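A.B. asks: Here you go, one structure.
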Amino acid sequence: MVETIRKSTRSEREQWVMDARYNLFNLKSEQVFIDLLTDSGTGAMSDHQWSEMMLGDESYAGASSYYKMKDAIEELLGFPYYLPTHQGRAAENVLFSALMKAGDVVPGNTHFDTTKGHIEFRKAKAVDCTIDEAFDTQLIHPFKGNLDLNKLEKVLKAHPKENIPCIIVTVTCNSSGGQPVSMQNLKEVKALAEHYDIPVVFDSARFAENAYFIKNREEAYKDHSIKEIVKEMFTYADAMTMSAKKDGIVNMGGFIAMRSEQWFRDASVYNIMFEGFVTYGGMSGRDMNALAVGLRESTTYEYLDSRIRQVAYLGEKLTEYGIPVQKPYGGHAIFVDAKRFLPNLPKEQYVAQKLAVELYLEAGVRGVEIGTLLADRDPDTRKNRYPDLELLRLAIPRRVYTNNHMDVVAAALKNVHDRRDKITRGLKITREAPIMRHFTVELENA
Ligand code: F0G
């Protein structure tokens, strides 16, 4: 689809962002010029996907669309069982309902906020075992999404097996900057997990982008096709949750896939309760058709190469302008290091959110805070958790913008950078939800 975008004036944006209580989620889309809030559900579908939409089978049970998706999942990802869900967090809700209980511990590589939310909602605990290198934005490491095996083993040793329902590996790791996990690391995590008899679940929203990085950065895989790499990646997982709004290149959808028939049966109960019957689970037939095609398209080298090069194009421009960003550049987004960008603002004033507001005021470009607001409060102490990284994420929708748009974004951020010394006040919270607050938080100038 091609969509109209609208320009606005600075004084209009000043009013709008104030009305939005300095939370960019509250803006109307027509108040945004270039929308880099998320790469989730914002991609453009292909001619083949749109054609498949016409062939959707909307039968309540046993639709052919369900089987089209089943074939794609079996062929590309290698899982015999799957359940459709309406999006990624729904997959988490269903699977975690079957797996987790209060007091459990779930190690992983910087769990995404909905994943952490669903773990903490069940009074379980997410433990971050990402390698330390991920938390220095200027340090170059090819796989900053990797898990630190020592950190992981410490967690596995410290708790009885009954309290560790699974290890969650997020590919690519969104929260550390769209950073990939190496095949070597996936293999080692699985071996360690097997030693302790703990299942491994991949949070797979951007699995194809992860495979692209394995091909380009891991010598042993340079001659493998993306589809071969993807297939091998998933041999190191017992199950996966998927937000199909990313590497499924659809506007809405998700699924859980697994090897265990027992898990399938257990999760089916919750799928029927929360999502829908097991052969549609919150998705319409036409959407399952489009997703089956999307999975095939996103696992082609040509598509991934143009996409990830566009992200790097923006990263290079910003680096040229002296703007500090997470390096190497991630798969779906460029993450601006807000603490380095605005070193004079105290961490209590939501530095990355302030930067997001400034970029919006500058040119109507909407990014998203991946920092203190997103990190939520500690569930026990209710104090702010200040993450190591305070980032402004500029997520690039798939197959939507051109590099001309990237030039505008880079120039806008350069203008903010040039006047950064004049930004002396951050933000403070006036209202917040107890969990996943960043979606609805309200703020004012500090
Ligand atoms: N896992 C990861 C790694 C994600 O990035 C997301 C969503 C989800 C799970 C949840 O999926 O949105 O379909 O329910 N990430 C979006 C983002 C929202 O902007 O990064 P969902």
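Letters for chains follow the order of the structure tokens (A, B, ...), residue numbers begin at 1 for each chain, and ligand numbers begin at 1 in the order shown.
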Please report, as a PyMOL selection string, each residue of segment 81-156 of chain A to which DSSP assigns helix (DSSP H, G or I) when run on this structure's backbone.

C.D. replies: chain A and resi 88-99+113-121+132-135+149-156

A.B. asks: Using the chain letters and numbers from this document, which residues of segment 211-306 of chain A does DSSP assign to strand (DSSP E or B), as a list in words?

C.D. replies: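 The strand (DSSP E or B) subset of segment 211-306 of chain A is Ala239, Met240, Thr241, Met242, Ser243, Gly254, Phe255, Ile256, Ala257 and Met258 of chain A.
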
A.B. asks: Any chance you can output those residues with N, CA and C atoms as an mmCIF file, in the first residue's frame?

C.D. replies:
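Here's the written file again_25.cif:
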data_model
loop_
_atom_site.group_PDB
_atom_site.id
_atom_site.type_symbol
_atom_site.label_atom_id
_atom_site.label_comp_id
_atom_site.auth_asym_id
_atom_site.auth_seq_id
_atom_site.Cartn_x
_atom_site.Cartn_y
_atom_site.Cartn_z
ATOM 1 N N ALA A 239 10.193 -24.429 21.366
ATOM 2 C CA ALA A 239 8.962 -23.738 20.972
ATOM 3 C C ALA A 239 9.314 -22.319 20.587
ATOM 4 N N MET A 240 8.378 -21.638 19.969
ATOM 5 C CA MET A 240 8.596 -20.230 19.621
ATOM 6 C C MET A 240 7.298 -19.452 19.786
ATOM 7 N N THR A 241 7.434 -18.188 20.169
ATOM 8 C CA THR A 241 6.296 -17.273 20.069
ATOM 9 C C THR A 241 6.633 -16.313 18.938
ATOM 10 N N MET A 242 5.619 -15.854 18.247
ATOM 11 C CA MET A 242 5.870 -15.011 17.072
ATOM 12 C C MET A 242 4.909 -13.838 17.013
ATOM 13 N N SER A 243 5.473 -12.646 16.915
ATOM 14 C CA SER A 243 4.689 -11.497 16.511
ATOM 15 C C SER A 243 4.854 -11.385 15.007
ATOM 16 N N GLY A 254 -0.087 -13.450 14.746
ATOM 17 C CA GLY A 254 0.985 -14.055 15.525
ATOM 18 C C GLY A 254 0.735 -15.544 15.646
ATOM 19 N N PHE A 255 1.646 -16.242 16.288
ATOM 20 C CA PHE A 255 1.427 -17.669 16.542
ATOM 21 C C PHE A 255 2.419 -18.206 17.554
ATOM 22 N N ILE A 256 2.086 -19.406 18.047
ATOM 23 C CA ILE A 256 3.005 -20.186 18.871
ATOM 24 C C ILE A 256 3.274 -21.450 18.060
ATOM 25 N N ALA A 257 4.519 -21.884 18.009
ATOM 26 C CA ALA A 257 4.807 -23.169 17.355
ATOM 27 C C ALA A 257 5.649 -23.993 18.319
ATOM 28 N N MET A 258 5.447 -25.294 18.283
ATOM 29 C CA MET A 258 6.149 -26.146 19.257
ATOM 30 C C MET A 258 6.342 -27.558 18.738
#

A.B. asks: Please write out the residues within 6 Å of ligand 1 as number ranges by chain, counting only C-alpha atoms and all ligand atoms.

C.D. replies: A: 38, 40, 87-89, 112, 114, 170, 174, 203, 205, 243, 245

A.B. asks: Which residues come within 9 Å of Val269 of chain A, counting only C-alpha atoms, excluding same-chain residues fewer than 6 positions away, as a ChimeraX atom specification?

C.D. replies: /A:94,98,278

A.B. asks: Between A:Val336, A:Leu345, A:Ala191, A:Ile73, which residue has the minimum interatomic distance to Gly367 of chain A, considering only C-alpha atoms?

C.D. replies: A:Val336

A.B. asks: Using only C-alpha atoms, which of the listed residues (A:Phe135, A:Phe277, A:Tyr196, A:Tyr82) sits closest to Ala63 of chain A?

C.D. replies: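 Smallest separation from Ala63 of chain A among the options: A:Phe277.
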
A.B. asks: Report as number ranges by chain all protein, DNA and RNA residues lying within 8 Å of Arg10 of chain A, evaluated on only C-alpha atoms, omitting residues in the same chain fewer than 5 positions from it.

C.D. replies: A: 361-363

A.B. asks: Output N, CA and C atoms of each residue in that selection to a file, as an mmCIF file, in the first residue's frame.

C.D. replies:
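Writing done, so here's result20.cif:
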data_model
loop_
_atom_site.group_PDB
_atom_site.id
_atom_site.type_symbol
_atom_site.label_atom_id
_atom_site.label_comp_id
_atom_site.auth_asym_id
_atom_site.auth_seq_id
_atom_site.Cartn_x
_atom_site.Cartn_y
_atom_site.Cartn_z
ATOM 1 N N LEU A 361 9.131 17.589 17.640
ATOM 2 C CA LEU A 361 8.937 19.033 17.477
ATOM 3 C C LEU A 361 9.734 19.553 16.282
ATOM 4 N N GLU A 362 10.913 19.006 16.086
ATOM 5 C CA GLU A 362 11.799 19.468 15.016
ATOM 6 C C GLU A 362 11.195 19.232 13.632
ATOM 7 N N ALA A 363 10.676 18.005 13.396
ATOM 8 C CA ALA A 363 10.281 17.682 12.017
ATOM 9 C C ALA A 363 9.083 16.750 11.914
#

A.B. asks: To one decimal in Å, tell me the separation between atom CA of Glu188 of chain A and atom CA of Ile167 of chain A.

C.D. replies: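 Atom CA of Ile167 of chain A lies at a distance of 12.5 Å from atom CA of Glu188 of chain A.
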
A.B. asks: Write out as a list in words which residues come within 9 Å of Lys190 of chain A when counting only C-alpha atoms, dropping same-chain ones fewer than 5 positions away.

C.D. replies: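 The residues that qualify are Asn185, His195, Ile198, Pro199, Val200, Tyr236 and Ala237 of chain A.
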
A.B. asks: Set the distance at 8 Å and use only C-alpha atoms: which residues neighbour Ala211 of chain A once local chain neighbours fewer than 2 positions away are removed? I'd like the list as a ChimeraX atom specification.

C.D. replies: /A:207-209,213-215,226,229-230,233

A.B. asks: Write to file, as an mmCIF file, in the first residue's frame, the residues of the selection just made, with all heavy atoms.

C.D. replies:
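Ended up saving to again_39.cif:
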data_model
loop_
_atom_site.group_PDB
_atom_site.id
_atom_site.type_symbol
_atom_site.label_atom_id
_atom_site.label_comp_id
_atom_site.auth_asym_id
_atom_site.auth_seq_id
_atom_site.Cartn_x
_atom_site.Cartn_y
_atom_site.Cartn_z
ATOM 1 N N PHE A 207 13.133 -13.081 13.486
ATOM 2 C CA PHE A 207 14.031 -14.221 13.262
ATOM 3 C C PHE A 207 14.748 -14.166 11.914
ATOM 4 O O PHE A 207 15.899 -14.589 11.786
ATOM 5 C CB PHE A 207 13.254 -15.550 13.368
ATOM 6 C CG PHE A 207 12.326 -15.804 12.206
ATOM 7 C CD1 PHE A 207 12.754 -16.522 11.103
ATOM 8 C CD2 PHE A 207 11.043 -15.298 12.210
ATOM 9 C CE1 PHE A 207 11.910 -16.743 10.013
ATOM 10 C CE2 PHE A 207 10.186 -15.505 11.126
ATOM 11 C CZ PHE A 207 10.626 -16.223 10.029
ATOM 12 N N ALA A 208 14.068 -13.632 10.885
ATOM 13 C CA ALA A 208 14.677 -13.600 9.544
ATOM 14 C C ALA A 208 15.820 -12.589 9.511
ATOM 15 O O ALA A 208 16.873 -12.836 8.904
ATOM 16 C CB ALA A 208 13.619 -13.270 8.494
ATOM 17 N N GLU A 209 15.614 -11.453 10.187
ATOM 18 C CA GLU A 209 16.690 -10.460 10.267
ATOM 19 C C GLU A 209 17.878 -11.054 11.021
ATOM 20 O O GLU A 209 19.037 -10.822 10.670
ATOM 21 C CB GLU A 209 16.165 -9.176 10.925
ATOM 22 C CG GLU A 209 15.163 -8.471 10.003
ATOM 23 C CD GLU A 209 14.430 -7.295 10.629
ATOM 24 O OE1 GLU A 209 14.725 -6.931 11.789
ATOM 25 O OE2 GLU A 209 13.536 -6.747 9.955
ATOM 26 N N PHE A 213 21.964 -11.619 9.675
ATOM 27 C CA PHE A 213 23.220 -11.266 10.363
ATOM 28 C C PHE A 213 24.111 -12.499 10.523
ATOM 29 O O PHE A 213 25.334 -12.402 10.445
ATOM 30 C CB PHE A 213 22.930 -10.630 11.718
ATOM 31 C CG PHE A 213 22.414 -9.212 11.617
ATOM 32 C CD1 PHE A 213 21.152 -8.877 12.085
ATOM 33 C CD2 PHE A 213 23.190 -8.217 11.047
ATOM 34 C CE1 PHE A 213 20.672 -7.575 11.994
ATOM 35 C CE2 PHE A 213 22.729 -6.906 10.950
ATOM 36 C CZ PHE A 213 21.466 -6.583 11.422
ATOM 37 N N ILE A 214 23.509 -13.660 10.770
ATOM 38 C CA ILE A 214 24.318 -14.885 10.874
ATOM 39 C C ILE A 214 25.036 -15.126 9.541
ATOM 40 O O ILE A 214 26.232 -15.394 9.499
ATOM 41 C CB ILE A 214 23.431 -16.091 11.273
ATOM 42 C CG1 ILE A 214 23.004 -15.964 12.741
ATOM 43 C CG2 ILE A 214 24.180 -17.421 11.041
ATOM 44 C CD1 ILE A 214 22.060 -17.052 13.233
ATOM 45 N N LYS A 215 24.321 -14.972 8.456
ATOM 46 C CA LYS A 215 24.935 -15.186 7.132
ATOM 47 C C LYS A 215 26.102 -14.212 6.906
ATOM 48 O O LYS A 215 27.153 -14.604 6.414
ATOM 49 C CB LYS A 215 23.873 -15.023 6.031
ATOM 50 C CG LYS A 215 24.412 -15.276 4.624
ATOM 51 C CD LYS A 215 23.278 -15.293 3.619
ATOM 52 C CE LYS A 215 23.792 -15.309 2.180
ATOM 53 N NZ LYS A 215 24.422 -16.578 1.803
ATOM 54 N N ILE A 226 19.343 -18.101 3.471
ATOM 55 C CA ILE A 226 18.609 -17.620 4.651
ATOM 56 C C ILE A 226 17.684 -18.741 5.156
ATOM 57 O O ILE A 226 17.594 -18.992 6.365
ATOM 58 C CB ILE A 226 17.793 -16.355 4.311
ATOM 59 C CG1 ILE A 226 18.720 -15.191 3.936
ATOM 60 C CG2 ILE A 226 16.865 -15.977 5.473
ATOM 61 C CD1 ILE A 226 19.587 -14.643 5.040
ATOM 62 N N ILE A 229 19.572 -21.274 7.121
ATOM 63 C CA ILE A 229 19.979 -20.741 8.436
ATOM 64 C C ILE A 229 18.781 -20.714 9.392
ATOM 65 O O ILE A 229 18.879 -21.133 10.553
ATOM 66 C CB ILE A 229 20.607 -19.337 8.277
ATOM 67 C CG1 ILE A 229 21.933 -19.461 7.511
ATOM 68 C CG2 ILE A 229 20.820 -18.666 9.629
ATOM 69 C CD1 ILE A 229 22.545 -18.138 7.090
ATOM 70 N N VAL A 230 17.639 -20.233 8.879
ATOM 71 C CA VAL A 230 16.424 -20.166 9.705
ATOM 72 C C VAL A 230 16.082 -21.564 10.225
ATOM 73 O O VAL A 230 15.810 -21.754 11.421
ATOM 74 C CB VAL A 230 15.250 -19.577 8.887
ATOM 75 C CG1 VAL A 230 13.920 -19.858 9.554
ATOM 76 C CG2 VAL A 230 15.453 -18.075 8.692
ATOM 77 N N MET A 233 18.467 -22.533 12.953
ATOM 78 C CA MET A 233 18.235 -21.749 14.191
ATOM 79 C C MET A 233 17.166 -22.406 15.064
ATOM 80 O O MET A 233 17.328 -22.582 16.268
ATOM 81 C CB MET A 233 17.760 -20.324 13.839
ATOM 82 C CG MET A 233 18.847 -19.345 13.468
ATOM 83 S SD MET A 233 18.142 -17.828 12.740
ATOM 84 C CE MET A 233 17.089 -17.229 14.055
#

A.B. asks: Which distance in Å separates atom CA of Phe234 of chain A and atom CA of Leu77 of chain A, to one decimal?

C.D. replies: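 According to the coordinates, atom CA of Phe234 of chain A and atom CA of Leu77 of chain A are separated by 6.1 Å.
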
A.B. asks: With only C-alpha atoms as the counted atoms, please give the residues lying no more than 7 Å from Leu443 of chain A, apart from itself and same-chain residues fewer than 4 positions off, as a ChimeraX atom specification.

C.D. replies: /A:21-23,427-430

A.B. asks: Go ahead and dump the residues you just picked, N, CA and C atoms, as a PDB file, in the first residue's frame.

C.D. replies:
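Final output, saved to out_23.pdb:
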ATOM      1  N   ARG A  21       0.217  15.006  26.055  1.00  0.00           N
ATOM      2  CA  ARG A  21       0.907  14.871  27.351  1.00  0.00           C
ATOM      3  C   ARG A  21       2.306  14.286  27.165  1.00  0.00           C
ATOM      4  N   TYR A  22       2.955  14.769  26.120  1.00  0.00           N
ATOM      5  CA  TYR A  22       4.363  14.386  25.858  1.00  0.00           C
ATOM      6  C   TYR A  22       4.549  12.884  25.733  1.00  0.00           C
ATOM      7  N   ASN A  23       3.463  12.188  25.399  1.00  0.00           N
ATOM      8  CA  ASN A  23       3.548  10.757  25.094  1.00  0.00           C
ATOM      9  C   ASN A  23       3.191  10.594  23.621  1.00  0.00           C
ATOM     10  N   LEU A 427      11.606  15.758  31.479  1.00  0.00           N
ATOM     11  CA  LEU A 427      10.173  15.581  31.709  1.00  0.00           C
ATOM     12  C   LEU A 427       9.925  14.952  33.073  1.00  0.00           C
ATOM     13  N   LYS A 428       8.710  15.104  33.560  1.00  0.00           N
ATOM     14  CA  LYS A 428       8.311  14.353  34.755  1.00  0.00           C
ATOM     15  C   LYS A 428       6.928  13.728  34.539  1.00  0.00           C
ATOM     16  N   ILE A 429       6.701  12.640  35.272  1.00  0.00           N
ATOM     17  CA  ILE A 429       5.453  11.889  35.088  1.00  0.00           C
ATOM     18  C   ILE A 429       4.330  12.535  35.892  1.00  0.00           C
ATOM     19  N   THR A 430       3.140  12.633  35.266  1.00  0.00           N
ATOM     20  CA  THR A 430       1.978  13.088  36.035  1.00  0.00           C
ATOM     21  C   THR A 430       0.975  11.956  36.264  1.00  0.00           C
TER      22      THR A 430
END

A.B. asks: Work out how far atom CA of Ala412 of chain A is from atom CA of Asp376 of chain A, in Å to one decimal.

C.D. replies: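 Rounded to one decimal, the two atoms are 28.9 Å apart.
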
A.B. asks: My list of candidates is A:Pro343, A:Gly315, A:Pro180, A:Pro160. Which is closest to Pro142 of chain A when distances are computed with only C-alpha atoms?

C.D. replies: A:Pro180

A.B. asks: Which is closer to Val400 of chain A than all the others in A:Met1, A:Val311, A:Leu413, A:Ala61, using only C-alpha atoms?

C.D. replies: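 Comparing A:Met1, A:Val311, A:Leu413, A:Ala61 against Val400 of chain A, the winner is A:Met1.
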
A.B. asks: Nearest residue to Gly62 of chain A out of A:Gln138, A:Asn210, A:Gln184, A:Thr279, using only C-alpha atoms?

C.D. replies: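 The shortest atom-to-atom distance to Gly62 of chain A comes from A:Thr279.
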
A.B. asks: Which residue is closest to Lys354 of chain A? Choose from A:Ser204, A:Asn445, A:Gln49, A:Thr381 and count only C-alpha atoms.

C.D. replies: A:Asn445
